[in-house]
$ cat work-v7.pdb   # PDB, N, CA and C atoms and all ligand atoms
ATOM      1  N   MET A 952      63.509 -45.945 -18.848
ATOM      2  CA  MET A 952      63.844 -45.095 -20.001
ATOM      3  C   MET A 952      62.645 -44.910 -20.910
ATOM      4  N   ARG A 953      62.471 -43.726 -21.355
ATOM      5  CA  ARG A 953      61.334 -43.442 -22.206
ATOM      6  C   ARG A 953      61.824 -42.673 -23.418
ATOM      7  N   ARG A 954      61.317 -43.040 -24.560
ATOM      8  CA  ARG A 954      61.714 -42.302 -25.755
ATOM      9  C   ARG A 954      60.587 -41.372 -26.179
ATOM     10  N   ASP A 955      60.985 -40.300 -26.818
ATOM     11  CA  ASP A 955      59.969 -39.381 -27.337
ATOM     12  C   ASP A 955      59.132 -40.089 -28.396
ATOM     13  N   ASP A 956      57.876 -39.789 -28.404
ATOM     14  CA  ASP A 956      57.028 -40.342 -29.455
ATOM     15  C   ASP A 956      57.489 -39.800 -30.795
ATOM     16  N   ALA A 957      57.429 -40.668 -31.777
ATOM     17  CA  ALA A 957      57.764 -40.200 -33.115
ATOM     18  C   ALA A 957      56.550 -39.455 -33.658
ATOM     19  N   ASP A 958      56.547 -38.177 -33.462
ATOM     20  CA  ASP A 958      55.378 -37.412 -33.884
ATOM     21  C   ASP A 958      55.706 -36.538 -35.077
ATOM     22  N   GLY A 959      56.795 -36.867 -35.746
ATOM     23  CA  GLY A 959      57.159 -36.096 -36.915
ATOM     24  C   GLY A 959      57.812 -34.788 -36.558
ATOM     25  N   ASN A 960      57.980 -34.571 -35.306
ATOM     26  CA  ASN A 960      58.440 -33.279 -34.812
ATOM     27  C   ASN A 960      59.721 -33.479 -34.029
ATOM     28  N   SER A 961      60.253 -34.680 -34.143
ATOM     29  CA  SER A 961      61.243 -35.079 -33.155
ATOM     30  C   SER A 961      62.615 -34.458 -33.369
ATOM     31  N   SER A 962      62.863 -33.928 -34.567
ATOM     32  CA  SER A 962      64.194 -33.382 -34.791
ATOM     33  C   SER A 962      64.487 -32.237 -33.836
ATOM     34  N   LEU A 963      63.455 -31.476 -33.497
ATOM     35  CA  LEU A 963      63.653 -30.356 -32.590
ATOM     36  C   LEU A 963      62.905 -30.542 -31.274
ATOM     37  N   SER A 964      62.535 -31.794 -30.998
ATOM     38  CA  SER A 964      61.717 -31.988 -29.804
ATOM     39  C   SER A 964      62.497 -31.556 -28.580
ATOM     40  N   GLN A 965      61.845 -30.797 -27.764
ATOM     41  CA  GLN A 965      62.488 -30.285 -26.567
ATOM     42  C   GLN A 965      62.212 -31.221 -25.409
ATOM     43  N   PRO A 966      63.181 -31.453 -24.555
ATOM     44  CA  PRO A 966      62.911 -32.312 -23.402
ATOM     45  C   PRO A 966      61.840 -31.713 -22.512
ATOM     46  N   ARG A 967      61.060 -32.596 -21.925
ATOM     47  CA  ARG A 967      59.990 -32.150 -21.037
ATOM     48  C   ARG A 967      60.498 -31.933 -19.625
ATOM     49  N   CYS A 968      59.717 -31.185 -18.902
ATOM     50  CA  CYS A 968      59.944 -31.006 -17.476
ATOM     51  C   CYS A 968      59.929 -32.373 -16.790
ATOM     52  N   GLU A 969      60.893 -32.633 -15.931
ATOM     53  CA  GLU A 969      61.018 -33.959 -15.315
ATOM     54  C   GLU A 969      60.570 -33.987 -13.859
ATOM     55  N   ILE A 970      59.720 -33.070 -13.485
ATOM     56  CA  ILE A 970      59.239 -33.065 -12.101
ATOM     57  C   ILE A 970      58.547 -34.393 -11.819
ATOM     58  N   GLU A 971      58.685 -34.860 -10.603
ATOM     59  CA  GLU A 971      57.993 -36.098 -10.256
ATOM     60  C   GLU A 971      56.495 -35.856 -10.306
ATOM     61  N   LYS A 972      55.823 -36.777 -10.921
ATOM     62  CA  LYS A 972      54.387 -36.574 -11.083
ATOM     63  C   LYS A 972      53.642 -36.943  -9.816
ATOM     64  N   THR A 973      52.669 -36.150  -9.522
ATOM     65  CA  THR A 973      51.786 -36.498  -8.425
ATOM     66  C   THR A 973      50.433 -36.821  -9.039
ATOM     67  N   PRO A 974      49.660 -37.665  -8.374
ATOM     68  CA  PRO A 974      48.350 -38.045  -8.935
ATOM     69  C   PRO A 974      47.478 -36.819  -9.210
ATOM     70  N   LEU A 975      47.633 -35.800  -8.383
ATOM     71  CA  LEU A 975      46.798 -34.617  -8.546
ATOM     72  C   LEU A 975      47.174 -33.797  -9.766
ATOM     73  N   GLU A 976      48.462 -33.616  -9.940
ATOM     74  CA  GLU A 976      48.893 -32.698 -10.983
ATOM     75  C   GLU A 976      49.036 -33.357 -12.342
ATOM     76  N   GLY A 977      49.297 -34.672 -12.319
ATOM     77  CA  GLY A 977      49.528 -35.321 -13.583
ATOM     78  C   GLY A 977      50.871 -34.931 -14.149
ATOM     79  N   GLU A 978      51.078 -35.314 -15.376
ATOM     80  CA  GLU A 978      52.360 -35.071 -16.001
ATOM     81  C   GLU A 978      52.506 -33.609 -16.393
ATOM     82  N   CYS A 979      53.690 -33.073 -16.167
ATOM     83  CA  CYS A 979      53.920 -31.695 -16.565
ATOM     84  C   CYS A 979      54.241 -31.654 -18.058
ATOM     85  N   GLN A 980      53.493 -30.864 -18.777
ATOM     86  CA  GLN A 980      53.640 -30.830 -20.235
ATOM     87  C   GLN A 980      54.581 -29.721 -20.716
ATOM     88  N   ARG A 981      55.060 -28.940 -19.772
ATOM     89  CA  ARG A 981      55.908 -27.817 -20.205
ATOM     90  C   ARG A 981      57.312 -28.301 -20.549
ATOM     91  N   PRO A 982      57.976 -27.565 -21.405
ATOM     92  CA  PRO A 982      59.351 -27.940 -21.738
ATOM     93  C   PRO A 982      60.283 -27.737 -20.550
ATOM     94  N   GLY A 983      61.281 -28.617 -20.436
ATOM     95  CA  GLY A 983      62.275 -28.444 -19.388
ATOM     96  C   GLY A 983      63.273 -27.383 -19.805
ATOM     97  N   GLU A 984      63.428 -26.384 -18.979
ATOM     98  CA  GLU A 984      64.307 -25.282 -19.354
ATOM     99  C   GLU A 984      65.393 -25.010 -18.332
ATOM    100  N   VAL A 985      65.161 -25.444 -17.102
ATOM    101  CA  VAL A 985      66.101 -25.123 -16.040
ATOM    102  C   VAL A 985      66.656 -26.405 -15.446
ATOM    103  N   ARG A 986      67.969 -26.483 -15.345
ATOM    104  CA  ARG A 986      68.608 -27.641 -14.727
ATOM    105  C   ARG A 986      68.628 -27.384 -13.227
ATOM    106  N   TYR A 987      67.833 -28.164 -12.510
ATOM    107  CA  TYR A 987      67.684 -27.918 -11.081
ATOM    108  C   TYR A 987      68.683 -28.751 -10.293
ATOM    109  N   LYS A 988      69.504 -28.095  -9.493
ATOM    110  CA  LYS A 988      70.553 -28.748  -8.705
ATOM    111  C   LYS A 988      71.459 -29.603  -9.572
ATOM    112  N   GLY A 989      71.546 -29.248 -10.839
ATOM    113  CA  GLY A 989      72.425 -29.993 -11.730
ATOM    114  C   GLY A 989      71.933 -31.395 -12.034
ATOM    115  N   ILE A 990      70.718 -31.714 -11.624
ATOM    116  CA  ILE A 990      70.259 -33.092 -11.816
ATOM    117  C   ILE A 990      69.065 -33.167 -12.750
ATOM    118  N   ILE A 991      67.956 -32.576 -12.337
ATOM    119  CA  ILE A 991      66.769 -32.775 -13.156
ATOM    120  C   ILE A 991      66.395 -31.501 -13.892
ATOM    121  N   LEU A 992      65.803 -31.731 -15.029
ATOM    122  CA  LEU A 992      65.430 -30.632 -15.897
ATOM    123  C   LEU A 992      63.980 -30.249 -15.614
ATOM    124  N   LEU A 993      63.764 -28.971 -15.327
ATOM    125  CA  LEU A 993      62.426 -28.530 -14.966
ATOM    126  C   LEU A 993      61.969 -27.368 -15.833
ATOM    127  N   CYS A 994      60.645 -27.228 -15.925
ATOM    128  CA  CYS A 994      60.103 -26.026 -16.536
ATOM    129  C   CYS A 994      60.319 -24.879 -15.548
ATOM    130  N   ARG A 995      60.170 -23.670 -16.025
ATOM    131  CA  ARG A 995      60.452 -22.535 -15.134
ATOM    132  C   ARG A 995      59.535 -22.469 -13.904
ATOM    133  N   PRO A 996      58.226 -22.666 -14.081
ATOM    134  CA  PRO A 996      57.358 -22.594 -12.883
ATOM    135  C   PRO A 996      57.717 -23.632 -11.820
ATOM    136  N   HIS A 997      58.024 -24.861 -12.250
ATOM    137  CA  HIS A 997      58.387 -25.883 -11.271
ATOM    138  C   HIS A 997      59.727 -25.569 -10.619
ATOM    139  N   ALA A 998      60.681 -25.069 -11.409
ATOM    140  CA  ALA A 998      61.983 -24.722 -10.843
ATOM    141  C   ALA A 998      61.826 -23.610  -9.813
ATOM    142  N   ALA A 999      61.006 -22.618 -10.124
ATOM    143  CA  ALA A 999      60.801 -21.506  -9.194
ATOM    144  C   ALA A 999      60.169 -22.010  -7.900
ATOM    145  N   LEU A1000      59.184 -22.910  -8.045
ATOM    146  CA  LEU A1000      58.508 -23.438  -6.864
ATOM    147  C   LEU A1000      59.473 -24.229  -5.978
ATOM    148  N   LEU A1001      60.269 -25.097  -6.603
ATOM    149  CA  LEU A1001      61.198 -25.902  -5.817
ATOM    150  C   LEU A1001      62.255 -25.040  -5.131
ATOM    151  N   GLN A1002      62.697 -23.997  -5.821
ATOM    152  CA  GLN A1002      63.685 -23.120  -5.197
ATOM    153  C   GLN A1002      63.100 -22.416  -3.979
ATOM    154  N   LEU A1003      61.856 -21.984  -4.108
ATOM    155  CA  LEU A1003      61.210 -21.324  -2.977
ATOM    156  C   LEU A1003      61.031 -22.292  -1.811
ATOM    157  N   GLU A1004      60.649 -23.531  -2.141
ATOM    158  CA  GLU A1004      60.458 -24.512  -1.067
ATOM    159  C   GLU A1004      61.783 -24.814  -0.372
ATOM    160  N   ASP A1005      62.860 -24.852  -1.146
ATOM    161  CA  ASP A1005      64.187 -25.044  -0.543
ATOM    162  C   ASP A1005      64.525 -23.905   0.403
ATOM    163  N   ARG A1006      64.227 -22.687  -0.046
ATOM    164  CA  ARG A1006      64.539 -21.533   0.800
ATOM    165  C   ARG A1006      63.730 -21.556   2.078
ATOM    166  N   ALA A1007      62.444 -21.907   1.932
ATOM    167  CA  ALA A1007      61.590 -21.979   3.120
ATOM    168  C   ALA A1007      62.153 -23.005   4.099
ATOM    169  N   GLN A1008      62.594 -24.149   3.580
ATOM    170  CA  GLN A1008      63.185 -25.183   4.428
ATOM    171  C   GLN A1008      64.415 -24.657   5.165
ATOM    172  N   ALA A1009      65.261 -23.942   4.428
ATOM    173  CA  ALA A1009      66.493 -23.438   5.026
ATOM    174  C   ALA A1009      66.187 -22.424   6.125
ATOM    175  N   VAL A1010      65.244 -21.512   5.847
ATOM    176  CA  VAL A1010      64.910 -20.499   6.844
ATOM    177  C   VAL A1010      64.249 -21.155   8.054
ATOM    178  N   LEU A1011      63.374 -22.113   7.772
ATOM    179  CA  LEU A1011      62.716 -22.837   8.861
ATOM    180  C   LEU A1011      63.758 -23.523   9.741
ATOM    181  N   GLY A1012      64.759 -24.112   9.102
ATOM    182  CA  GLY A1012      65.821 -24.759   9.846
ATOM    183  C   GLY A1012      66.561 -23.791  10.748
ATOM    184  N   SER A1013      66.808 -22.580  10.254
ATOM    185  CA  SER A1013      67.548 -21.641  11.090
ATOM    186  C   SER A1013      66.672 -21.124  12.232
ATOM    187  N   VAL A1014      65.370 -20.961  11.989
ATOM    188  CA  VAL A1014      64.468 -20.572  13.085
ATOM    189  C   VAL A1014      64.484 -21.666  14.163
ATOM    190  N   PHE A1015      64.450 -22.887  13.709
ATOM    191  CA  PHE A1015      64.447 -24.018  14.633
ATOM    192  C   PHE A1015      65.718 -24.026  15.487
ATOM    193  N   ARG A1016      66.858 -23.807  14.829
ATOM    194  CA  ARG A1016      68.119 -23.792  15.577
ATOM    195  C   ARG A1016      68.157 -22.638  16.572
ATOM    196  N   MET A1017      67.625 -21.487  16.159
ATOM    197  CA  MET A1017      67.613 -20.342  17.075
ATOM    198  C   MET A1017      66.691 -20.610  18.264
ATOM    199  N   ASP A1018      65.554 -21.259  17.995
ATOM    200  CA  ASP A1018      64.646 -21.616  19.086
ATOM    201  C   ASP A1018      65.341 -22.531  20.088
ATOM    202  N   GLU A1019      66.034 -23.519  19.551
ATOM    203  CA  GLU A1019      66.749 -24.438  20.431
ATOM    204  C   GLU A1019      67.770 -23.696  21.273
ATOM    205  N   TRP A1020      68.499 -22.825  20.604
ATOM    206  CA  TRP A1020      69.529 -22.072  21.315
ATOM    207  C   TRP A1020      68.891 -21.208  22.399
ATOM    208  N   LEU A1021      67.787 -20.557  22.059
ATOM    209  CA  LEU A1021      67.124 -19.692  23.030
ATOM    210  C   LEU A1021      66.602 -20.492  24.219
ATOM    211  N   GLN A1022      66.106 -21.678  23.923
ATOM    212  CA  GLN A1022      65.604 -22.515  25.020
ATOM    213  C   GLN A1022      66.723 -22.919  25.962
ATOM    214  N   GLU A1023      67.879 -23.198  25.362
ATOM    215  CA  GLU A1023      68.992 -23.641  26.201
ATOM    216  C   GLU A1023      69.654 -22.496  26.949
ATOM    217  N   ASN A1024      69.683 -21.352  26.314
ATOM    218  CA  ASN A1024      70.462 -20.246  26.881
ATOM    219  C   ASN A1024      69.639 -19.077  27.393
ATOM    220  N   GLY A1025      68.348 -19.088  27.039
ATOM    221  CA  GLY A1025      67.533 -17.925  27.353
ATOM    222  C   GLY A1025      67.378 -17.652  28.832
ATOM    223  N   SER A1026      67.474 -18.699  29.655
ATOM    224  CA  SER A1026      67.216 -18.509  31.082
ATOM    225  C   SER A1026      68.481 -18.676  31.919
ATOM    226  N   LEU A1027      69.600 -18.753  31.242
ATOM    227  CA  LEU A1027      70.831 -19.011  31.986
ATOM    228  C   LEU A1027      71.682 -17.761  32.154
ATOM    229  N   GLY A1028      71.018 -16.621  32.101
ATOM    230  CA  GLY A1028      71.771 -15.388  32.290
ATOM    231  C   GLY A1028      72.776 -15.116  31.193
ATOM    232  N   ALA A1029      72.399 -15.524  29.992
ATOM    233  CA  ALA A1029      73.284 -15.243  28.871
ATOM    234  C   ALA A1029      73.322 -13.736  28.624
ATOM    235  N   ASP A1030      74.344 -13.329  27.928
ATOM    236  CA  ASP A1030      74.522 -11.933  27.571
ATOM    237  C   ASP A1030      73.231 -11.371  26.951
ATOM    238  N   GLU A1031      72.632 -10.394  27.627
ATOM    239  CA  GLU A1031      71.336  -9.850  27.191
ATOM    240  C   GLU A1031      71.388  -9.292  25.779
ATOM    241  N   GLU A1032      72.496  -8.634  25.496
ATOM    242  CA  GLU A1032      72.603  -8.015  24.185
ATOM    243  C   GLU A1032      72.615  -9.090  23.096
ATOM    244  N   TYR A1033      73.361 -10.142  23.383
ATOM    245  CA  TYR A1033      73.451 -11.234  22.421
ATOM    246  C   TYR A1033      72.101 -11.930  22.272
ATOM    247  N   LEU A1034      71.449 -12.158  23.399
ATOM    248  CA  LEU A1034      70.112 -12.752  23.379
ATOM    249  C   LEU A1034      69.163 -11.927  22.523
ATOM    250  N   GLY A1035      69.223 -10.607  22.745
ATOM    251  CA  GLY A1035      68.352  -9.711  21.997
ATOM    252  C   GLY A1035      68.605  -9.814  20.502
ATOM    253  N   ARG A1036      69.882  -9.961  20.166
ATOM    254  CA  ARG A1036      70.204 -10.045  18.751
ATOM    255  C   ARG A1036      69.647 -11.336  18.149
ATOM    256  N   ILE A1037      69.764 -12.429  18.892
ATOM    257  CA  ILE A1037      69.228 -13.706  18.394
ATOM    258  C   ILE A1037      67.709 -13.610  18.254
ATOM    259  N   ARG A1038      67.058 -13.000  19.239
ATOM    260  CA  ARG A1038      65.596 -12.883  19.163
ATOM    261  C   ARG A1038      65.184 -12.057  17.954
ATOM    262  N   HIS A1039      65.934 -10.989  17.736
ATOM    263  CA  HIS A1039      65.641 -10.131  16.605
ATOM    264  C   HIS A1039      65.848 -10.896  15.293
ATOM    265  N   GLU A1040      66.925 -11.631  15.222
ATOM    266  CA  GLU A1040      67.207 -12.415  14.024
ATOM    267  C   GLU A1040      66.108 -13.433  13.775
ATOM    268  N   ARG A1041      65.637 -14.017  14.868
ATOM    269  CA  ARG A1041      64.574 -15.004  14.755
ATOM    270  C   ARG A1041      63.304 -14.361  14.186
ATOM    271  N   GLU A1042      62.970 -13.166  14.709
ATOM    272  CA  GLU A1042      61.789 -12.479  14.205
ATOM    273  C   GLU A1042      61.913 -12.172  12.720
ATOM    274  N   GLU A1043      63.098 -11.748  12.334
ATOM    275  CA  GLU A1043      63.302 -11.452  10.915
ATOM    276  C   GLU A1043      63.150 -12.700  10.065
ATOM    277  N   ALA A1044      63.683 -13.794  10.567
ATOM    278  CA  ALA A1044      63.586 -15.050   9.823
ATOM    279  C   ALA A1044      62.131 -15.480   9.692
ATOM    280  N   VAL A1045      61.361 -15.305  10.776
ATOM    281  CA  VAL A1045      59.947 -15.681  10.721
ATOM    282  C   VAL A1045      59.212 -14.792   9.713
ATOM    283  N   GLY A1046      59.557 -13.517   9.693
ATOM    284  CA  GLY A1046      58.950 -12.611   8.715
ATOM    285  C   GLY A1046      59.302 -13.021   7.293
ATOM    286  N   ALA A1047      60.566 -13.384   7.091
ATOM    287  CA  ALA A1047      60.998 -13.819   5.763
ATOM    288  C   ALA A1047      60.255 -15.076   5.349
ATOM    289  N   LEU A1048      60.074 -15.959   6.313
ATOM    290  CA  LEU A1048      59.378 -17.214   6.037
ATOM    291  C   LEU A1048      57.937 -16.945   5.579
ATOM    292  N   ARG A1049      57.289 -16.008   6.254
ATOM    293  CA  ARG A1049      55.921 -15.667   5.886
ATOM    294  C   ARG A1049      55.890 -15.171   4.439
ATOM    295  N   HIS A1050      56.854 -14.356   4.102
ATOM    296  CA  HIS A1050      56.940 -13.807   2.752
ATOM    297  C   HIS A1050      57.190 -14.926   1.734
ATOM    298  N   ILE A1051      58.105 -15.842   2.055
ATOM    299  CA  ILE A1051      58.398 -16.945   1.142
ATOM    300  C   ILE A1051      57.153 -17.806   0.949
ATOM    301  N   ARG A1052      56.395 -18.006   2.031
ATOM    302  CA  ARG A1052      55.189 -18.842   1.905
ATOM    303  C   ARG A1052      54.177 -18.211   0.960
ATOM    304  N   GLU A1053      54.072 -16.880   1.005
ATOM    305  CA  GLU A1053      53.181 -16.206   0.053
ATOM    306  C   GLU A1053      53.652 -16.433  -1.372
ATOM    307  N   GLN A1054      54.969 -16.331  -1.549
ATOM    308  CA  GLN A1054      55.509 -16.562  -2.892
ATOM    309  C   GLN A1054      55.266 -17.991  -3.341
ATOM    310  N   ILE A1055      55.376 -18.927  -2.403
ATOM    311  CA  ILE A1055      55.129 -20.331  -2.750
ATOM    312  C   ILE A1055      53.682 -20.510  -3.193
ATOM    313  N   ARG A1056      52.769 -19.823  -2.492
ATOM    314  CA  ARG A1056      51.356 -19.958  -2.845
ATOM    315  C   ARG A1056      51.133 -19.501  -4.285
ATOM    316  N   SER A1057      51.711 -18.378  -4.663
ATOM    317  CA  SER A1057      51.468 -17.921  -6.032
ATOM    318  C   SER A1057      52.256 -18.749  -7.033
ATOM    319  N   ALA A1058      53.421 -19.282  -6.616
ATOM    320  CA  ALA A1058      54.175 -20.165  -7.526
ATOM    321  C   ALA A1058      53.379 -21.438  -7.787
ATOM    322  N   ARG A1059      52.665 -21.925  -6.754
ATOM    323  CA  ARG A1059      51.850 -23.133  -6.944
ATOM    324  C   ARG A1059      50.742 -22.899  -7.955
ATOM    325  N   LYS A1060      50.142 -21.701  -7.864
ATOM    326  CA  LYS A1060      49.081 -21.385  -8.825
ATOM    327  C   LYS A1060      49.638 -21.389 -10.238
ATOM    328  N   GLU A1061      50.823 -20.831 -10.377
ATOM    329  CA  GLU A1061      51.434 -20.749 -11.694
ATOM    330  C   GLU A1061      51.721 -22.149 -12.259
ATOM    331  N   VAL A1062      52.158 -23.038 -11.375
ATOM    332  CA  VAL A1062      52.458 -24.398 -11.798
ATOM    333  C   VAL A1062      51.198 -25.090 -12.325
ATOM    334  N   LEU A1063      50.059 -24.772 -11.735
ATOM    335  CA  LEU A1063      48.821 -25.455 -12.124
ATOM    336  C   LEU A1063      48.183 -24.867 -13.370
ATOM    337  N   GLN A1064      48.703 -23.771 -13.837
ATOM    338  CA  GLN A1064      48.091 -23.159 -15.018
ATOM    339  C   GLN A1064      48.400 -23.909 -16.287
TER     340      GLN A1064
HETATM  341 ZN    ZN B   1      57.049 -28.577 -14.836
END

$ encode --input "work-v7.pdb" --output "C-alpha cells" --more "lines below"
Ligand SMILES: [Zn+2]
Amino acid sequence: MRRDDADGNSSLSQPRCEIEKTPLEGECQRPGEVRYKGIILLCRPHAALLQLEDRAQAVLGSVFRMDEWLQENGSLGADEEYLGRIRHEREEAVGALRHIREQIRSARKEVLQ
C-alpha cells in the first residue's frame, strides 16, 4: 500500500496510472483515467496499448486455430468451398494483425512521450 505524498495538493490529487513498471519505462506519471478490465486504473495511452495488445493476441489465437484446422483437414478432401472460406478468413485475420501491429507501434511511441 502506498499513500499519496502530502504535497499540499492532496485534496484533489488524482490517482496515478497503475501500469506495472518496467525498468525501461519507469513509473508512469500520467493520471489514471481508464479502468482496464475493471481492475487496474490506467492512463489513456497505456489503456489503448493494452487493448491493442489484447486484440492482437485474440486475432493471433484465431489464426493459430485456423492453421491447426487447415493442417488437419486441408489434405483430407474436405469441402473445397469451406476450405477456401477458412483460407480467406485466415488471410483477413493476418491482414488485420498486421494493421493492429502498426497501431501498437504508434501506441508504444505515445506511451513513451
Ligand atoms: Zn500509464

$ residues_near_ligand --input "work-v7.pdb" --ligand "ligand ZN 1 (chain B)" --cutoff "8 Å" --atoms "all atoms listed in the file" --output "PyMOL selection string"
chain A and resi 967-971+978-984+992-998+1062

$ resolve_selection --input "work-v7.pdb" --expression "the PyMOL selection byres (((chain A and resi 1008 and name CA) around 12) and not hetatm and name CA)" --output "PyMOL selection string"
chain A and resi 1001-1007+1009-1015+1044-1045+1047-1048+1051-1052+1055

$ atom_distance --input "work-v7.pdb" --atom1 "atom N of Trp1020 (chain A)" --atom2 "atom C of Leu1034 (chain A)"
11.1 Å

$ atom_distance --input "work-v7.pdb" --atom1 "CA of Ile991 (chain A)" --atom2 "atom N of His1050 (chain A)"
27.1 Å

$ select_by_dssp --input "work-v7.pdb" --residues "chain A" --states "alpha helix (DSSP H)" --output "VMD selection string"
chain A and resid 995 to 1024 1031 to 1063

$ atom_distance --input "work-v7.pdb" --atom1 "CA of Glu1042 (chain A)" --atom2 "atom N of Met1017 (chain A)"
10.9 Å

$ select_by_dssp --input "work-v7.pdb" --residues "chain A" --states "strand (DSSP E or B)" --output "NGL selection string"
:A and (967 or 973 or 977 or 982 or 985-987 or 991-993)

$ closest_residue --input "work-v7.pdb" --among "A:Arg1049, A:Arg1016, A:Arg1059, A:Arg1038" --to "Ala999 (chain A)" --atoms "only N, CA and C atoms"
A:Arg1059

$ axis_aligned_box --input "work-v7.pdb" --around "region 1021-1036 of chain A" --padding-each-side "4 Å" --output "JSON"
{"center_x": 70.1, "center_y": -15.8, "center_z": 25.2, "size_x": 16.9, "size_y": 23.6, "size_z": 22.1}

$ closest_residue --input "work-v7.pdb" --among "A:Asp1030, A:Leu1000, A:Val985, A:Gln1022" --to "Glu1053 (chain A)" --atoms "only C-alpha atoms"
A:Leu1000

$ build_atoms --input "work-v7.pdb" --residues "region 1027-1044 of chain A" --atoms "N, CA, C and O atoms" --output "mmCIF file, keeping the file's coordinate frame"
data_model
loop_
_atom_site.group_PDB
_atom_site.id
_atom_site.type_symbol
_atom_site.label_atom_id
_atom_site.label_comp_id
_atom_site.auth_asym_id
_atom_site.auth_seq_id
_atom_site.Cartn_x
_atom_site.Cartn_y
_atom_site.Cartn_z
ATOM 1 N N LEU A 1027 69.600 -18.753 31.242
ATOM 2 C CA LEU A 1027 70.831 -19.011 31.986
ATOM 3 C C LEU A 1027 71.682 -17.761 32.154
ATOM 4 O O LEU A 1027 72.884 -17.842 32.328
ATOM 5 N N GLY A 1028 71.018 -16.621 32.101
ATOM 6 C CA GLY A 1028 71.771 -15.388 32.290
ATOM 7 C C GLY A 1028 72.776 -15.116 31.193
ATOM 8 O O GLY A 1028 73.858 -14.590 31.436
ATOM 9 N N ALA A 1029 72.399 -15.524 29.992
ATOM 10 C CA ALA A 1029 73.284 -15.243 28.871
ATOM 11 C C ALA A 1029 73.322 -13.736 28.624
ATOM 12 O O ALA A 1029 72.451 -12.996 29.086
ATOM 13 N N ASP A 1030 74.344 -13.329 27.928
ATOM 14 C CA ASP A 1030 74.522 -11.933 27.571
ATOM 15 C C ASP A 1030 73.231 -11.371 26.951
ATOM 16 O O ASP A 1030 72.779 -11.820 25.896
ATOM 17 N N GLU A 1031 72.632 -10.394 27.627
ATOM 18 C CA GLU A 1031 71.336 -9.850 27.191
ATOM 19 C C GLU A 1031 71.388 -9.292 25.779
ATOM 20 O O GLU A 1031 70.457 -9.447 24.992
ATOM 21 N N GLU A 1032 72.496 -8.634 25.496
ATOM 22 C CA GLU A 1032 72.603 -8.015 24.185
ATOM 23 C C GLU A 1032 72.615 -9.090 23.096
ATOM 24 O O GLU A 1032 71.964 -8.968 22.065
ATOM 25 N N TYR A 1033 73.361 -10.142 23.383
ATOM 26 C CA TYR A 1033 73.451 -11.234 22.421
ATOM 27 C C TYR A 1033 72.101 -11.930 22.272
ATOM 28 O O TYR A 1033 71.652 -12.216 21.164
ATOM 29 N N LEU A 1034 71.449 -12.158 23.399
ATOM 30 C CA LEU A 1034 70.112 -12.752 23.379
ATOM 31 C C LEU A 1034 69.163 -11.927 22.523
ATOM 32 O O LEU A 1034 68.396 -12.450 21.724
ATOM 33 N N GLY A 1035 69.223 -10.607 22.745
ATOM 34 C CA GLY A 1035 68.352 -9.711 21.997
ATOM 35 C C GLY A 1035 68.605 -9.814 20.502
ATOM 36 O O GLY A 1035 67.669 -9.775 19.699
ATOM 37 N N ARG A 1036 69.882 -9.961 20.166
ATOM 38 C CA ARG A 1036 70.204 -10.045 18.751
ATOM 39 C C ARG A 1036 69.647 -11.336 18.149
ATOM 40 O O ARG A 1036 69.117 -11.348 17.039
ATOM 41 N N ILE A 1037 69.764 -12.429 18.892
ATOM 42 C CA ILE A 1037 69.228 -13.706 18.394
ATOM 43 C C ILE A 1037 67.709 -13.610 18.254
ATOM 44 O O ILE A 1037 67.127 -14.045 17.249
ATOM 45 N N ARG A 1038 67.058 -13.000 19.239
ATOM 46 C CA ARG A 1038 65.596 -12.883 19.163
ATOM 47 C C ARG A 1038 65.184 -12.057 17.954
ATOM 48 O O ARG A 1038 64.223 -12.366 17.266
ATOM 49 N N HIS A 1039 65.934 -10.989 17.736
ATOM 50 C CA HIS A 1039 65.641 -10.131 16.605
ATOM 51 C C HIS A 1039 65.848 -10.896 15.293
ATOM 52 O O HIS A 1039 65.017 -10.832 14.386
ATOM 53 N N GLU A 1040 66.925 -11.631 15.222
ATOM 54 C CA GLU A 1040 67.207 -12.415 14.024
ATOM 55 C C GLU A 1040 66.108 -13.433 13.775
ATOM 56 O O GLU A 1040 65.696 -13.678 12.645
ATOM 57 N N ARG A 1041 65.637 -14.017 14.868
ATOM 58 C CA ARG A 1041 64.574 -15.004 14.755
ATOM 59 C C ARG A 1041 63.304 -14.361 14.186
ATOM 60 O O ARG A 1041 62.657 -14.914 13.318
ATOM 61 N N GLU A 1042 62.970 -13.166 14.709
ATOM 62 C CA GLU A 1042 61.789 -12.479 14.205
ATOM 63 C C GLU A 1042 61.913 -12.172 12.720
ATOM 64 O O GLU A 1042 60.954 -12.316 11.953
ATOM 65 N N GLU A 1043 63.098 -11.748 12.334
ATOM 66 C CA GLU A 1043 63.302 -11.452 10.915
ATOM 67 C C GLU A 1043 63.150 -12.700 10.065
ATOM 68 O O GLU A 1043 62.571 -12.660 8.985
ATOM 69 N N ALA A 1044 63.683 -13.794 10.567
ATOM 70 C CA ALA A 1044 63.586 -15.050 9.823
ATOM 71 C C ALA A 1044 62.131 -15.480 9.692
ATOM 72 O O ALA A 1044 61.698 -15.939 8.635
#
